[in-house]
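S.K.: Have a look at this one.
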Amino acid sequence: MIKNNSHIISAISKRSDGSMMTNRILQKENVQKFLDLYGIPFESTHCMKQVHGNTVAYVNEKSPQIFESTDGLVTDKPEIFLGAVTADCVPITVSDQRAKVVGVAHAGYKGILVGIVSNLIAKARDCGAVNSSLNITIGPSIGSCCYDIDERRADDFYQKFQTENIFRYSGDKIFLDLAKVVSHIIKKEGIVSKNVMMTGICTKCHNDSFFSYRGDTKKTFGECMTIIGMRSTR
């Protein structure tokens with residue numbers, strides 16, 4: 001668990017906690033056990049049916065617990081917790097303790113290309129977050145050690161971001177560093193490096209601890225959950 005301060009809570013589940021979502025169905029028993037570790041009520045938790053898009057929704061007390069066709073959530077309300085599920089894609093959390101704003105996003109390669117990272121930051125700003133106090137965590141995801149891609153996908157990323165630093169080459173293979181792409185976007189958004197934490201954990205290399213789309217079989221595949229929210233300070 002990562003505690004940004006006394007009232008912001010952020011955590012990511014592991015394989016040992018069980019799959020949080022399977023075949024796009026929330027595994028409520030596993031989710032409840034995971035949330036219980038941090039004293040988070042299930043009924044206060046909001047998740048998404050993710051589609052590798054760029055939609056980021058604002059969450060309040062009247063919002064649905066499951067957002068359709070959404071890949072990011074932001075709130076400025078206490079005692080509301082936001083969850084994203086991943087298994088190789090990049091989980092991103094944002095928090096601004098001064099503005100009392102938190103958010104989470106699921107960033108797969110498709111979502112990154114269509115702007116999910118910038119949209120998450122923009123929605124946090126809409127709620128009052130500012131660059132100087134916005135903290136961002138880039139969670140465990142498949143690394144450039146394991147994520148080989150074809151030339152067409154490599155060209156899509158190069159044309160979009162105009163940098164070679166996101167690629168690694170080995171023999172005739174091209175490897176993409178998704179976390180580095182996310183970091184590149186965050187920097188372009190004006191967030192200072194000291195406010196960005198990158199876990200640097202490859203989910204495929206650490207398949208014993210995290211679920212991995214490329215590392216698991218259909219039988220063993222599952223998804224981890226990244227959760228963030230604020231406790232009431234009253």
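Residue numbering restarts at 1 for every chain of the structure tokens, chains are lettered A, B, ... in their displayed order, and ligands are numbered from 1 as they appear.
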Tell me, counting only C-alpha atoms, for each residue of range 55-90 of chain A within 8 Å of range 225-230 of chain A, which pair of atoms is nearest and how far apart they are in Å to one decimal, in rows ordered by chain and increasing number, as JSON lines.

M.R.:
```
{"residue": "A:Lys77", "atom": "CA", "partner": "A:Met230", "partner_atom": "CA", "distance": 7.5}
{"residue": "A:Pro78", "atom": "CA", "partner": "A:Met230", "partner_atom": "CA", "distance": 4.9}
{"residue": "A:Glu79", "atom": "CA", "partner": "A:Met230", "partner_atom": "CA", "distance": 5.6}
{"residue": "A:Ile80", "atom": "CA", "partner": "A:Gly229", "partner_atom": "CA", "distance": 5.8}
{"residue": "A:Phe81", "atom": "CA", "partner": "A:Gly229", "partner_atom": "CA", "distance": 4.3}
{"residue": "A:Leu82", "atom": "CA", "partner": "A:Ile228", "partner_atom": "CA", "distance": 5.4}
{"residue": "A:Gly83", "atom": "CA", "partner": "A:Ile227", "partner_atom": "CA", "distance": 4.5}
{"residue": "A:Ala84", "atom": "CA", "partner": "A:Thr226", "partner_atom": "CA", "distance": 5.4}
{"residue": "A:Val85", "atom": "CA", "partner": "A:Met225", "partner_atom": "CA", "distance": 4.4}
{"residue": "A:Thr86", "atom": "CA", "partner": "A:Met225", "partner_atom": "CA", "distance": 6.5}
```

S.K.: Might you pull out every residue within 6 Å of Pro91 in chain A, with only C-alpha atoms counted and same-chain residues fewer than 4 positions away left off, and present them as a list in words?

M.R.: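 These residues fall inside the cut-off: Ala105, His106 and Gly139 of chain A.
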
S.K.: Write down as a list in words the residues of range 149-224 of chain A whose backbone DSSP state falls under strand (DSSP E or B).

M.R.: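 Matching residues for strand (DSSP E or B) in range 149-224 of chain A are Ile149, Phe167, Arg168, Tyr169, Ser170, Lys173, Ile174, Phe175, Leu176, Val196, Met197, Met198, Cys202 and Cys224 of chain A.
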
S.K.: Could you please write out, as a VMD selection string, every residue of range 103-234 of chain A that DSSP assigns to alpha helix (DSSP H)?

M.R.: chain A and resid 109 to 114 116 to 126 151 to 161 178 to 188

S.K.: Take the residues from that selection and put them in a file with N, CA and C atoms, as a short mmCIF file (atom, residue, chain, number, x, y, z; two decimals), in the first residue's frame.

M.R.:
```cif
data_model
loop_
_atom_site.label_atom_id
_atom_site.label_comp_id
_atom_site.auth_asym_id
_atom_site.auth_seq_id
_atom_site.Cartn_x
_atom_site.Cartn_y
_atom_site.Cartn_z
N TYR A 109 -2.04 0.09 -24.56
CA TYR A 109 -1.39 0.79 -25.66
C TYR A 109 -2.40 1.58 -26.50
N LYS A 110 -3.59 1.04 -26.67
CA LYS A 110 -4.61 1.75 -27.45
C LYS A 110 -5.05 3.03 -26.73
N GLY A 111 -5.29 2.90 -25.43
CA GLY A 111 -5.70 4.06 -24.65
C GLY A 111 -4.64 5.14 -24.61
N ILE A 112 -3.39 4.73 -24.52
CA ILE A 112 -2.28 5.70 -24.52
C ILE A 112 -2.26 6.46 -25.83
N LEU A 113 -2.45 5.77 -26.94
CA LEU A 113 -2.41 6.42 -28.25
C LEU A 113 -3.55 7.42 -28.44
N VAL A 114 -4.70 7.16 -27.81
CA VAL A 114 -5.84 8.06 -28.00
C VAL A 114 -6.00 9.08 -26.87
N ILE A 116 -5.60 8.75 -23.09
CA ILE A 116 -6.13 8.51 -21.75
C ILE A 116 -5.31 9.19 -20.66
N VAL A 117 -3.98 9.26 -20.84
CA VAL A 117 -3.12 9.84 -19.79
C VAL A 117 -3.39 11.34 -19.66
N SER A 118 -3.37 12.05 -20.75
CA SER A 118 -3.64 13.50 -20.72
C SER A 118 -5.06 13.79 -20.24
N ASN A 119 -6.01 12.95 -20.62
CA ASN A 119 -7.40 13.16 -20.19
C ASN A 119 -7.56 12.97 -18.69
N LEU A 120 -6.82 12.01 -18.11
CA LEU A 120 -6.86 11.82 -16.66
C LEU A 120 -6.35 13.07 -15.95
N ILE A 121 -5.23 13.59 -16.42
CA ILE A 121 -4.66 14.79 -15.80
C ILE A 121 -5.59 15.99 -15.99
N ALA A 122 -6.19 16.11 -17.17
CA ALA A 122 -7.10 17.21 -17.44
C ALA A 122 -8.32 17.16 -16.52
N LYS A 123 -8.86 15.97 -16.32
CA LYS A 123 -10.04 15.83 -15.46
C LYS A 123 -9.68 16.16 -14.00
N ALA A 124 -8.48 15.78 -13.57
CA ALA A 124 -8.03 16.12 -12.23
C ALA A 124 -7.90 17.64 -12.09
N ARG A 125 -7.40 18.29 -13.13
CA ARG A 125 -7.31 19.76 -13.11
C ARG A 125 -8.70 20.39 -13.06
N ASP A 126 -9.65 19.81 -13.77
CA ASP A 126 -11.02 20.32 -13.75
C ASP A 126 -11.58 20.33 -12.32
N GLU A 151 6.23 -3.77 -36.34
CA GLU A 151 6.68 -2.49 -36.87
C GLU A 151 5.54 -1.47 -36.99
N ARG A 152 4.36 -1.95 -37.30
CA ARG A 152 3.22 -1.03 -37.46
C ARG A 152 2.90 -0.35 -36.13
N ARG A 153 2.88 -1.11 -35.04
CA ARG A 153 2.59 -0.51 -33.74
C ARG A 153 3.73 0.42 -33.32
N ALA A 154 4.96 0.02 -33.62
CA ALA A 154 6.10 0.88 -33.31
C ALA A 154 5.99 2.20 -34.05
N ASP A 155 5.58 2.14 -35.31
CA ASP A 155 5.44 3.36 -36.10
C ASP A 155 4.33 4.25 -35.55
N ASP A 156 3.23 3.64 -35.09
CA ASP A 156 2.14 4.40 -34.49
C ASP A 156 2.65 5.21 -33.29
N PHE A 157 3.47 4.57 -32.47
CA PHE A 157 3.99 5.24 -31.27
C PHE A 157 5.04 6.29 -31.64
N TYR A 158 5.86 5.99 -32.63
CA TYR A 158 6.86 6.98 -33.03
C TYR A 158 6.19 8.21 -33.63
N GLN A 159 5.22 8.00 -34.50
CA GLN A 159 4.53 9.12 -35.12
C GLN A 159 3.81 9.98 -34.07
N LYS A 160 3.28 9.33 -33.04
CA LYS A 160 2.54 10.05 -32.01
C LYS A 160 3.45 10.82 -31.07
N PHE A 161 4.57 10.21 -30.67
CA PHE A 161 5.39 10.80 -29.62
C PHE A 161 6.76 11.30 -30.07
N LEU A 178 6.00 0.87 -22.21
CA LEU A 178 4.75 1.59 -21.98
C LEU A 178 4.86 2.58 -20.83
N ALA A 179 5.52 2.18 -19.75
CA ALA A 179 5.66 3.07 -18.59
C ALA A 179 6.45 4.32 -18.97
N LYS A 180 7.46 4.15 -19.82
CA LYS A 180 8.25 5.31 -20.25
C LYS A 180 7.42 6.23 -21.14
N VAL A 181 6.54 5.66 -21.94
CA VAL A 181 5.64 6.49 -22.76
C VAL A 181 4.75 7.32 -21.85
N VAL A 182 4.18 6.68 -20.83
CA VAL A 182 3.32 7.39 -19.89
C VAL A 182 4.11 8.51 -19.21
N SER A 183 5.33 8.21 -18.80
CA SER A 183 6.19 9.22 -18.17
C SER A 183 6.46 10.38 -19.12
N HIS A 184 6.68 10.07 -20.39
CA HIS A 184 6.92 11.09 -21.42
C HIS A 184 5.71 12.03 -21.53
N ILE A 185 4.51 11.46 -21.53
CA ILE A 185 3.29 12.26 -21.63
C ILE A 185 3.12 13.14 -20.40
N ILE A 186 3.36 12.56 -19.23
CA ILE A 186 3.22 13.30 -17.98
C ILE A 186 4.16 14.51 -17.97
N LYS A 187 5.39 14.31 -18.43
CA LYS A 187 6.36 15.40 -18.50
C LYS A 187 5.86 16.49 -19.45
N LYS A 188 5.31 16.08 -20.60
CA LYS A 188 4.79 17.05 -21.56
C LYS A 188 3.62 17.85 -20.97
#
```

S.K.: List the neighbours of Ile201 in chain A out to 8 Å using only C-alpha atoms; skip same-chain residues closer than 3 positions along the sequence, and give me the result as an MDAnalysis selection string.

M.R.: chainID A and resid 139:143 206

S.K.: Okay, now the selection with N, CA and C atoms, as a compact mmCIF listing (two decimals), in the first residue's frame?

M.R.:
```txt
# COMPACT_ATOMS: atom_id res chain seq x y z
N GLY A 139 2.12 2.43 -12.08
CA GLY A 139 2.19 1.14 -11.41
C GLY A 139 2.81 0.03 -12.24
N PRO A 140 2.81 -1.19 -11.69
CA PRO A 140 3.38 -2.35 -12.38
C PRO A 140 2.70 -2.60 -13.73
N SER A 141 3.50 -2.85 -14.76
CA SER A 141 2.98 -3.13 -16.10
C SER A 141 4.04 -3.91 -16.86
N ILE A 142 3.70 -4.42 -18.02
CA ILE A 142 4.69 -5.17 -18.78
C ILE A 142 5.82 -4.22 -19.21
N GLY A 143 7.06 -4.68 -19.05
CA GLY A 143 8.20 -3.82 -19.32
C GLY A 143 8.77 -4.01 -20.72
N HIS A 206 7.41 -10.66 -13.18
CA HIS A 206 6.97 -10.94 -11.81
C HIS A 206 5.58 -11.57 -11.83
```
